[in-house]
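Down below is the structure, laid out as structure tokens.
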Amino acid sequence: MEVSIALSYPYPLVVFDLDGTLVDSAADIAEALNRTLQDWQLPRVPEATVLTWIGDGVRRLVEQAFTAAGSNVDLDAVMPGFMRHYEACLLRSPRLFDGVEAALQGLRAREVPMAICTNKPSALVAPLLQHFGLQDVFALVLGGDSLPERKPSGAPLRHIAAHFGIAPDAALMVGDSITDYRAAVDARMPVALVRYGYPRGLDLDTVEAVAVMDDLRELLAL
């Protein structure tokens, strides 16, 4: 009897974060945010500062920027303009992190189902994946507005696992930030983390994880 190649990989499902894990989009997110700040006569902020705000969804990103600027403008008035800038900057200069394409190809060759769980607005995920030719790689994609809850809640990860008929503790979450880590812990899903992303205070030297990787291709050796 022939054994499926997928059985050679220890996880029957791998769920990826997007920004900071697969795609380096910090410069484009920072530009969208800075254009929004300028719209409201507020000073631009360095990309390094924006990196510390990425990961909890776009509304929280904008809220932190305006709070840091000392502005109490109603976010409901700010968000439509930010979303226009976000869409305009989406494909300005994103790149896949080194090793991402090879890692995804390697998992696909092993017939491992893959999904995306991101806090990015769902309408902006598909164009980004298509830009890199990855639109057919992921069997399921959840954005930050796809469900009533988003990361760091574990609900999106549990939803994805249920979609594939897999127990959360059998799947693997791959992310870069404290938001991803907390979501995985809440879902009771094993987590692997990358060092090159936007950790936002997560101590990658002491965190409990299946792996902490410098290159996503290390996933293939698990």
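Convention: chains lettered A, B, ... in structure tokens order; per-chain residue numbering from 1; ligands numbered from 1 as shown.
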Between stretch 75-142 of chain A and stretch 170-182 of chain A, at 10 Å or less, what are the per-residue closest atom pairs and their distances in Å? Count only C-alpha atoms, order by chain and rising residue number, and return it as a Markdown table.
```
| residue | atom | partner | partner_atom | distance |
| --- | --- | --- | --- | --- |
| A:Met114 | CA | A:Leu172 | CA | 9.7 |
| A:Ala115 | CA | A:Met173 | CA | 9.4 |
| A:Ile116 | CA | A:Met173 | CA | 9.3 |
| A:Cys117 | CA | A:Met173 | CA | 8.8 |
| A:Thr118 | CA | A:Asp180 | CA | 8.9 |
| A:Asn119 | CA | A:Thr179 | CA | 9.5 |
```
Which residues, written as a PDB file with all heavy atoms, in the first residue's frame, have at least one atom at most 9 Å from A:Val78, with only C-alpha atoms counted and residues fewer than 4 positions away on the same chain left out?
```
ATOM      1  N   THR A  36      -1.749  59.347   5.728  1.00  0.00           N
ATOM      2  CA  THR A  36      -2.951  59.635   6.519  1.00  0.00           C
ATOM      3  C   THR A  36      -2.657  60.698   7.572  1.00  0.00           C
ATOM      4  O   THR A  36      -3.449  61.636   7.768  1.00  0.00           O
ATOM      5  CB  THR A  36      -3.455  58.344   7.196  1.00  0.00           C
ATOM      6  OG1 THR A  36      -3.648  57.334   6.207  1.00  0.00           O
ATOM      7  CG2 THR A  36      -4.770  58.595   7.925  1.00  0.00           C
ATOM      8  N   TRP A  40      -4.093  64.927   8.035  1.00  0.00           N
ATOM      9  CA  TRP A  40      -4.623  65.577   9.234  1.00  0.00           C
ATOM     10  C   TRP A  40      -3.613  66.535   9.852  1.00  0.00           C
ATOM     11  O   TRP A  40      -3.680  66.862  11.041  1.00  0.00           O
ATOM     12  CB  TRP A  40      -5.051  64.511  10.249  1.00  0.00           C
ATOM     13  CG  TRP A  40      -6.243  63.724   9.760  1.00  0.00           C
ATOM     14  CD1 TRP A  40      -6.226  62.603   8.971  1.00  0.00           C
ATOM     15  CD2 TRP A  40      -7.614  64.026   9.999  1.00  0.00           C
ATOM     16  NE1 TRP A  40      -7.507  62.185   8.704  1.00  0.00           N
ATOM     17  CE2 TRP A  40      -8.381  63.035   9.317  1.00  0.00           C
ATOM     18  CE3 TRP A  40      -8.277  65.018  10.718  1.00  0.00           C
ATOM     19  CZ2 TRP A  40      -9.785  63.036   9.357  1.00  0.00           C
ATOM     20  CZ3 TRP A  40      -9.667  65.011  10.745  1.00  0.00           C
ATOM     21  CH2 TRP A  40     -10.399  64.027  10.069  1.00  0.00           C
ATOM     22  N   VAL A  62      -3.894  52.654  13.263  1.00  0.00           N
ATOM     23  CA  VAL A  62      -4.170  54.086  13.117  1.00  0.00           C
ATOM     24  C   VAL A  62      -4.393  54.731  14.479  1.00  0.00           C
ATOM     25  O   VAL A  62      -3.915  55.842  14.748  1.00  0.00           O
ATOM     26  CB  VAL A  62      -5.384  54.299  12.198  1.00  0.00           C
ATOM     27  CG1 VAL A  62      -5.779  55.775  12.157  1.00  0.00           C
ATOM     28  CG2 VAL A  62      -5.084  53.784  10.790  1.00  0.00           C
ATOM     29  N   VAL A  73      -8.668  62.928  17.240  1.00  0.00           N
ATOM     30  CA  VAL A  73      -9.606  62.903  16.109  1.00  0.00           C
ATOM     31  C   VAL A  73     -10.411  61.606  16.144  1.00  0.00           C
ATOM     32  O   VAL A  73      -9.895  60.538  16.494  1.00  0.00           O
ATOM     33  CB  VAL A  73      -8.824  63.006  14.773  1.00  0.00           C
ATOM     34  CG1 VAL A  73      -9.741  62.771  13.596  1.00  0.00           C
ATOM     35  CG2 VAL A  73      -8.175  64.369  14.650  1.00  0.00           C
ATOM     36  N   ASP A  74     -11.673  61.677  15.784  1.00  0.00           N
ATOM     37  CA  ASP A  74     -12.552  60.517  15.715  1.00  0.00           C
ATOM     38  C   ASP A  74     -12.023  59.551  14.656  1.00  0.00           C
ATOM     39  O   ASP A  74     -11.902  59.902  13.473  1.00  0.00           O
ATOM     40  CB  ASP A  74     -13.969  60.974  15.358  1.00  0.00           C
ATOM     41  CG  ASP A  74     -14.961  59.825  15.331  1.00  0.00           C
ATOM     42  OD1 ASP A  74     -14.560  58.668  15.587  1.00  0.00           O
ATOM     43  OD2 ASP A  74     -16.135  60.086  15.028  1.00  0.00           O
ATOM     44  N   PHE A  82      -7.495  56.471   5.424  1.00  0.00           N
ATOM     45  CA  PHE A  82      -6.401  55.520   5.592  1.00  0.00           C
ATOM     46  C   PHE A  82      -6.570  54.336   4.654  1.00  0.00           C
ATOM     47  O   PHE A  82      -5.605  53.878   4.021  1.00  0.00           O
ATOM     48  CB  PHE A  82      -6.323  55.019   7.036  1.00  0.00           C
ATOM     49  CG  PHE A  82      -5.349  53.879   7.186  1.00  0.00           C
ATOM     50  CD1 PHE A  82      -3.979  54.110   7.204  1.00  0.00           C
ATOM     51  CD2 PHE A  82      -5.802  52.570   7.261  1.00  0.00           C
ATOM     52  CE1 PHE A  82      -3.074  53.061   7.301  1.00  0.00           C
ATOM     53  CE2 PHE A  82      -4.914  51.512   7.356  1.00  0.00           C
ATOM     54  CZ  PHE A  82      -3.546  51.761   7.380  1.00  0.00           C
ATOM     55  N   MET A  83      -7.775  53.811   4.551  1.00  0.00           N
ATOM     56  CA  MET A  83      -7.992  52.636   3.690  1.00  0.00           C
ATOM     57  C   MET A  83      -7.707  52.963   2.227  1.00  0.00           C
ATOM     58  O   MET A  83      -7.191  52.112   1.486  1.00  0.00           O
ATOM     59  CB  MET A  83      -9.412  52.113   3.867  1.00  0.00           C
ATOM     60  CG  MET A  83      -9.666  51.459   5.234  1.00  0.00           C
ATOM     61  SD  MET A  83      -8.487  50.125   5.644  1.00  0.00           S
ATOM     62  CE  MET A  83      -8.810  48.975   4.301  1.00  0.00           C
TER      63      MET A  83
END
```
Q: Can you work out which one of A:Leu134, A:Ser93, A:Pro199, A:Leu129 has the shortest atom-to-atom distance to A:Gly55, counting only C-alpha atoms?
A: A:Pro199
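Nearest to A:Val137 of all the residues A:Val45, A:Ala162, A:Val14, A:Ala192 is A:Val14, counting only C-alpha atoms.
Proximity of A:Gly165, A:Pro113, A:Gly70, A:Pro127 to A:Leu13, computed with only C-alpha atoms, is greatest for A:Pro113.
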